[in-house]
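Notes follow the structure.
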Amino acid sequence: MNSFTFKGVTYEVIPNGNHFTVVDEEGFAMVSVKNKFDAETALKEHVIHCEELYRRNL
């Protein structure tokens with residue numbers, strides 16, 4: 001398994017059939033990717049996108 005930290009949260013990249021799933025410290029699935037090497041970038045883009053949506057709705 002591969003892991004990385006982003007904004008103080010540690011994420012793990014776990015195999016899931018024919019793709020990989022990024023899960024947070026509590027095991028919550030965040031994003032899925034075909035290539036495990038794309039996991040960190042995909043997660044960062046997802047988190048930034050969600051933060052932008054949250055700010056727009058305040």
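All residue names refer to the structure tokens as shown: chains lettered A, B, ... in order, residues numbered from 1 in each chain, ligands numbered from 1 in order.
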
Subject >> helix (DSSP H, G or I) per DSSP on the backbone: members of chain A, as a PyMOL selection string >> reply: chain A and resi 36-56

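The protein and nucleic acid residues lying at most 10 Å from Phe4 in chain A are A:Thr10, A:Tyr11, A:Glu12, A:Val13, A:Val22, A:Asp24, A:Ala39, A:Glu40, with only C-alpha atoms considered and sequence neighbours fewer than 6 positions away removed.
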
Would you write out those residues with N, CA and C atoms, as a PDB file, in the first residue's frame?
```pdb
ATOM      1  N   THR A  10      -3.625  11.871   6.597  1.00  0.00           N
ATOM      2  CA  THR A  10      -2.924  10.792   5.903  1.00  0.00           C
ATOM      3  C   THR A  10      -3.924   9.969   5.106  1.00  0.00           C
ATOM      4  N   TYR A  11      -3.594   9.730   3.855  1.00  0.00           N
ATOM      5  CA  TYR A  11      -4.437   8.952   2.950  1.00  0.00           C
ATOM      6  C   TYR A  11      -3.684   7.702   2.518  1.00  0.00           C
ATOM      7  N   GLU A  12      -4.423   6.620   2.298  1.00  0.00           N
ATOM      8  CA  GLU A  12      -3.843   5.381   1.788  1.00  0.00           C
ATOM      9  C   GLU A  12      -4.432   5.072   0.423  1.00  0.00           C
ATOM     10  N   VAL A  13      -3.602   4.514  -0.438  1.00  0.00           N
ATOM     11  CA  VAL A  13      -4.029   4.066  -1.758  1.00  0.00           C
ATOM     12  C   VAL A  13      -4.133   2.554  -1.691  1.00  0.00           C
ATOM     13  N   VAL A  22      -8.480   5.804  -2.934  1.00  0.00           N
ATOM     14  CA  VAL A  22      -7.804   6.590  -1.906  1.00  0.00           C
ATOM     15  C   VAL A  22      -8.769   6.736  -0.738  1.00  0.00           C
ATOM     16  N   ASP A  24      -9.263   7.974   3.492  1.00  0.00           N
ATOM     17  CA  ASP A  24      -8.691   8.813   4.543  1.00  0.00           C
ATOM     18  C   ASP A  24      -8.409   7.979   5.785  1.00  0.00           C
ATOM     19  N   ALA A  39      -2.976   8.800  -7.887  1.00  0.00           N
ATOM     20  CA  ALA A  39      -3.833   8.925  -6.708  1.00  0.00           C
ATOM     21  C   ALA A  39      -3.644  10.236  -5.954  1.00  0.00           C
ATOM     22  N   GLU A  40      -2.409  10.629  -5.701  1.00  0.00           N
ATOM     23  CA  GLU A  40      -2.172  11.843  -4.917  1.00  0.00           C
ATOM     24  C   GLU A  40      -2.683  13.073  -5.650  1.00  0.00           C
TER      25      GLU A  40
END
```

Show which residues sit within 12 Å of Phe20 in chain A, as a short mmCIF file (atom, residue, chain, number, x, y, z; two decimals) with N, CA, C and O atoms, in the first residue's frame. Count only C-alpha atoms, and ignore same-chain residues fewer than 5 positions away.
```cif
data_model
loop_
_atom_site.label_atom_id
_atom_site.label_comp_id
_atom_site.auth_asym_id
_atom_site.auth_seq_id
_atom_site.Cartn_x
_atom_site.Cartn_y
_atom_site.Cartn_z
N MET A 1 0.84 -1.19 0.00
CA MET A 1 0.00 0.00 0.00
C MET A 1 0.87 1.24 0.00
O MET A 1 1.95 1.26 0.56
N ASN A 2 0.35 2.26 -0.60
CA ASN A 2 1.02 3.54 -0.69
C ASN A 2 0.25 4.54 0.16
O ASN A 2 -0.97 4.49 0.22
N GLU A 12 -4.42 6.62 2.30
CA GLU A 12 -3.84 5.38 1.79
C GLU A 12 -4.43 5.07 0.42
O GLU A 12 -5.61 5.33 0.18
N VAL A 13 -3.60 4.51 -0.44
CA VAL A 13 -4.03 4.07 -1.76
C VAL A 13 -4.13 2.55 -1.69
O VAL A 13 -3.13 1.87 -1.47
N ILE A 14 -5.35 2.03 -1.86
CA ILE A 14 -5.55 0.59 -1.72
C ILE A 14 -6.09 0.01 -3.03
O ILE A 14 -6.88 0.64 -3.71
N PRO A 15 -5.64 -1.19 -3.39
CA PRO A 15 -6.17 -1.84 -4.58
C PRO A 15 -7.64 -2.20 -4.38
O PRO A 15 -8.05 -2.59 -3.29
N ALA A 29 -13.76 6.44 1.60
CA ALA A 29 -13.27 6.49 0.22
C ALA A 29 -13.42 7.90 -0.33
O ALA A 29 -14.49 8.50 -0.24
N MET A 30 -12.34 8.43 -0.88
CA MET A 30 -12.34 9.79 -1.39
C MET A 30 -12.38 9.84 -2.92
O MET A 30 -13.20 10.55 -3.48
N VAL A 31 -11.48 9.13 -3.59
CA VAL A 31 -11.44 9.08 -5.05
C VAL A 31 -10.96 7.70 -5.48
O VAL A 31 -10.31 6.98 -4.72
N SER A 32 -11.26 7.36 -6.74
CA SER A 32 -10.76 6.13 -7.34
C SER A 32 -10.01 6.47 -8.61
O SER A 32 -10.39 7.39 -9.33
N VAL A 33 -8.93 5.73 -8.88
CA VAL A 33 -8.10 5.97 -10.06
C VAL A 33 -7.68 4.64 -10.66
O VAL A 33 -7.63 3.61 -9.97
N LYS A 34 -7.39 4.65 -11.95
CA LYS A 34 -6.89 3.45 -12.63
C LYS A 34 -5.43 3.19 -12.30
O LYS A 34 -5.01 2.05 -12.14
N ASN A 35 -4.64 4.26 -12.25
CA ASN A 35 -3.20 4.15 -12.02
C ASN A 35 -2.88 4.66 -10.62
O ASN A 35 -3.16 5.81 -10.30
N LYS A 36 -2.28 3.83 -9.78
CA LYS A 36 -2.02 4.24 -8.40
C LYS A 36 -1.10 5.45 -8.31
O LYS A 36 -1.13 6.18 -7.33
N PHE A 37 -0.32 5.71 -9.35
CA PHE A 37 0.57 6.86 -9.34
C PHE A 37 -0.17 8.18 -9.57
O PHE A 37 0.38 9.25 -9.35
N ASP A 38 -1.44 8.11 -9.98
CA ASP A 38 -2.27 9.31 -10.15
C ASP A 38 -3.07 9.64 -8.89
O ASP A 38 -3.76 10.65 -8.83
N ALA A 39 -2.98 8.80 -7.89
CA ALA A 39 -3.83 8.92 -6.71
C ALA A 39 -3.64 10.24 -5.95
O ALA A 39 -4.62 10.91 -5.61
N GLU A 40 -2.41 10.63 -5.70
CA GLU A 40 -2.17 11.84 -4.92
C GLU A 40 -2.68 13.07 -5.65
O GLU A 40 -3.36 13.92 -5.05
N ALA A 42 -5.04 13.20 -7.99
CA ALA A 42 -6.50 13.15 -8.05
C ALA A 42 -7.13 13.57 -6.73
O ALA A 42 -8.12 14.31 -6.71
N LEU A 43 -6.55 13.11 -5.62
CA LEU A 43 -7.09 13.47 -4.31
C LEU A 43 -6.95 14.97 -4.06
O LEU A 43 -7.90 15.62 -3.64
#
```

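Note that the spacing between CA of Thr5 in chain A and CA of Lys44 in chain A amounts to 10.2 Å.
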
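Atom pair CA of Glu25 in chain A / CA of Val9 in chain A: separated by 7.0 Å.
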
**OP:** Excluding Ile48 in chain A and any residue of its chain fewer than 6 positions from it, enumerate the residues within 12 Å of it, using only C-alpha atoms, and give them as a PyMOL selection string.
**Re:** chain A and resi 6-7+41-42+54-55

Export N, CA, C and O atoms of the chosen residues as a compact mmCIF listing (two decimals), in the first residue's frame?
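Final file, out.txt:
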```txt
# COMPACT_ATOMS: atom_id res chain seq x y z
N PHE A 6 -1.80 15.01 3.09
CA PHE A 6 -2.22 16.25 2.44
C PHE A 6 -3.08 17.02 3.43
O PHE A 6 -4.05 16.47 3.96
N LYS A 7 -2.71 18.26 3.69
CA LYS A 7 -3.42 19.13 4.63
C LYS A 7 -3.61 18.48 6.00
O LYS A 7 -4.67 18.55 6.61
N THR A 41 -2.42 13.17 -6.94
CA THR A 41 -2.89 14.31 -7.73
C THR A 41 -4.41 14.35 -7.77
O THR A 41 -5.02 15.40 -7.58
N ALA A 42 -5.04 13.20 -7.99
CA ALA A 42 -6.50 13.15 -8.05
C ALA A 42 -7.13 13.57 -6.73
O ALA A 42 -8.12 14.31 -6.71
N TYR A 54 -17.52 24.69 -1.52
CA TYR A 54 -17.98 25.07 -0.17
C TYR A 54 -17.93 26.59 0.00
O TYR A 54 -18.87 27.19 0.51
N ARG A 55 -16.85 27.21 -0.44
CA ARG A 55 -16.71 28.67 -0.31
C ARG A 55 -17.78 29.41 -1.10
O ARG A 55 -18.29 30.42 -0.66
```

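Counting from CA of Asn57 in chain A, the distance to CA of Phe28 in chain A is 23.5 Å.
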